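Peer 1: This is the structure I have questions about; it appears just below.
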Amino acid sequence: MLARKLPLIGVNHIEGHIHSVWLEARGTVEFPALALVVSGGHTHLFEMREGFHYRLLGKTRDDAAGEAFDKVGKLLGFGYPGGR
């Protein structure tokens with residue numbers, strides 16, 4: 001990027017999870033709403049308000065819940081990731 005003098009755009013990875021669901025729902029999500037992000041590396045619960053304002057309500061302190069799905073899926077012979 002630097003060699004070609006292209007700008008870098010910072011992207012919040014967790015917000016990406018939330019926005020992808022909102023896009024699939026075609027904007028039909030009613031606010032206020034709860035967003036539960038459960039992936040292989042994160043488990044977060046957010047309050048969402050109009051204009052995509054977020055407030056973190058809680059998160060795991062150790063392994064993410066999604067990681068447990070991945071580990072169990074591997075034990076059962078499923079592909080990666082272990083499940084939705």
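Order determines the names: the first chain of the structure tokens is A, the second B, and so forth; residues in each chain are numbered 1 upward, and ligands are numbered 1 upward as they are shown.
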Env of segment 32-41 of chain A: 6 Å cut, atoms = only C-alpha atoms, seq-sep filter 3 positions within chain, self excluded. Answer as a ChimeraX atom specification.

Peer 2: /A:44-49,64,66-67

Peer 1: If DSSP is run on the backbone, what residues of chain A are alpha helix (DSSP H)? A reply as a JSON list (two decimals) with N, CA and C atoms, in the first residue's frame would be ideal.

Peer 2:
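Result written to part00.json:
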```json
[["chain", "number", "residue", "atom", "x", "y", "z"],
["A", 13, "HIS", "N", -13.18, -4.86, 12.87],
["A", 13, "HIS", "CA", -13.51, -6.25, 12.56],
["A", 13, "HIS", "C", -14.84, -6.68, 13.20],
["A", 14, "ILE", "N", -15.07, -6.31, 14.45],
["A", 14, "ILE", "CA", -16.31, -6.68, 15.13],
["A", 14, "ILE", "C", -17.52, -6.01, 14.47],
["A", 15, "GLU", "N", -17.38, -4.73, 14.13],
["A", 15, "GLU", "CA", -18.47, -4.04, 13.43],
["A", 15, "GLU", "C", -18.78, -4.71, 12.10],
["A", 16, "GLY", "N", -17.77, -5.26, 11.46],
["A", 16, "GLY", "CA", -17.98, -5.97, 10.20],
["A", 16, "GLY", "C", -18.93, -7.14, 10.37],
["A", 17, "HIS", "N", -18.79, -7.87, 11.49],
["A", 17, "HIS", "CA", -19.72, -8.97, 11.77],
["A", 17, "HIS", "C", -21.15, -8.44, 11.88],
["A", 18, "ILE", "N", -21.33, -7.36, 12.62],
["A", 18, "ILE", "CA", -22.66, -6.79, 12.84],
["A", 18, "ILE", "C", -23.25, -6.24, 11.54],
["A", 19, "HIS", "N", -22.45, -5.50, 10.79],
["A", 19, "HIS", "CA", -22.94, -4.89, 9.55],
["A", 19, "HIS", "C", -23.31, -5.95, 8.51],
["A", 20, "SER", "N", -22.60, -7.07, 8.49],
["A", 20, "SER", "CA", -22.93, -8.11, 7.51],
["A", 20, "SER", "C", -24.34, -8.67, 7.75],
["A", 21, "VAL", "N", -24.72, -8.81, 9.00],
["A", 21, "VAL", "CA", -26.08, -9.28, 9.31],
["A", 21, "VAL", "C", -27.10, -8.22, 8.94],
["A", 22, "TRP", "N", -26.79, -6.96, 9.25],
["A", 22, "TRP", "CA", -27.69, -5.86, 8.91],
["A", 22, "TRP", "C", -27.90, -5.78, 7.40],
["A", 23, "LEU", "N", -26.83, -5.98, 6.63],
["A", 23, "LEU", "CA", -26.95, -5.95, 5.17],
["A", 23, "LEU", "C", -27.81, -7.10, 4.66],
["A", 24, "GLU", "N", -27.63, -8.30, 5.24],
["A", 24, "GLU", "CA", -28.46, -9.45, 4.84],
["A", 24, "GLU", "C", -29.93, -9.19, 5.15],
["A", 65, "ALA", "N", -17.00, -18.38, 22.61],
["A", 65, "ALA", "CA", -17.95, -19.48, 22.43],
["A", 65, "ALA", "C", -17.80, -20.12, 21.06],
["A", 66, "GLY", "N", -17.52, -19.31, 20.05],
["A", 66, "GLY", "CA", -17.35, -19.85, 18.70],
["A", 66, "GLY", "C", -16.17, -20.80, 18.59],
["A", 67, "GLU", "N", -15.15, -20.59, 19.41],
["A", 67, "GLU", "CA", -14.01, -21.49, 19.41],
["A", 67, "GLU", "C", -14.41, -22.88, 19.87],
["A", 68, "ALA", "N", -15.36, -22.94, 20.82],
["A", 68, "ALA", "CA", -15.86, -24.24, 21.28],
["A", 68, "ALA", "C", -16.54, -24.98, 20.14],
["A", 69, "PHE", "N", -17.33, -24.26, 19.32],
["A", 69, "PHE", "CA", -17.96, -24.90, 18.16],
["A", 69, "PHE", "C", -16.90, -25.46, 17.21],
["A", 70, "ASP", "N", -15.84, -24.70, 16.99],
["A", 70, "ASP", "CA", -14.78, -25.14, 16.09],
["A", 70, "ASP", "C", -14.10, -26.39, 16.62],
["A", 71, "LYS", "N", -13.82, -26.43, 17.92],
["A", 71, "LYS", "CA", -13.15, -27.59, 18.52],
["A", 71, "LYS", "C", -14.04, -28.82, 18.50],
["A", 72, "VAL", "N", -15.31, -28.67, 18.83],
["A", 72, "VAL", "CA", -16.24, -29.80, 18.80],
["A", 72, "VAL", "C", -16.45, -30.27, 17.37],
["A", 73, "GLY", "N", -16.57, -29.33, 16.43],
["A", 73, "GLY", "CA", -16.70, -29.69, 15.02],
["A", 73, "GLY", "C", -15.53, -30.52, 14.54],
["A", 74, "LYS", "N", -14.34, -30.16, 14.97],
["A", 74, "LYS", "CA", -13.14, -30.93, 14.58],
["A", 74, "LYS", "C", -13.21, -32.34, 15.15],
["A", 75, "LEU", "N", -13.62, -32.46, 16.42],
["A", 75, "LEU", "CA", -13.74, -33.78, 17.04],
["A", 75, "LEU", "C", -14.78, -34.65, 16.33]]
```

Peer 1: Among chain A, which residues does DSSP mark as strand (DSSP E) when it is run on the backbone? Keep the chain and numbering as in the structure and answer as a list in words.

Peer 2: Ala33, Leu34, Ala35, Leu36, Val37, Val38, Thr43, His44, Leu45, Phe46, Glu47, Met48, Arg49, His53, Tyr54, Arg55, Leu56, Leu57, Gly58 and Lys59 of chain A
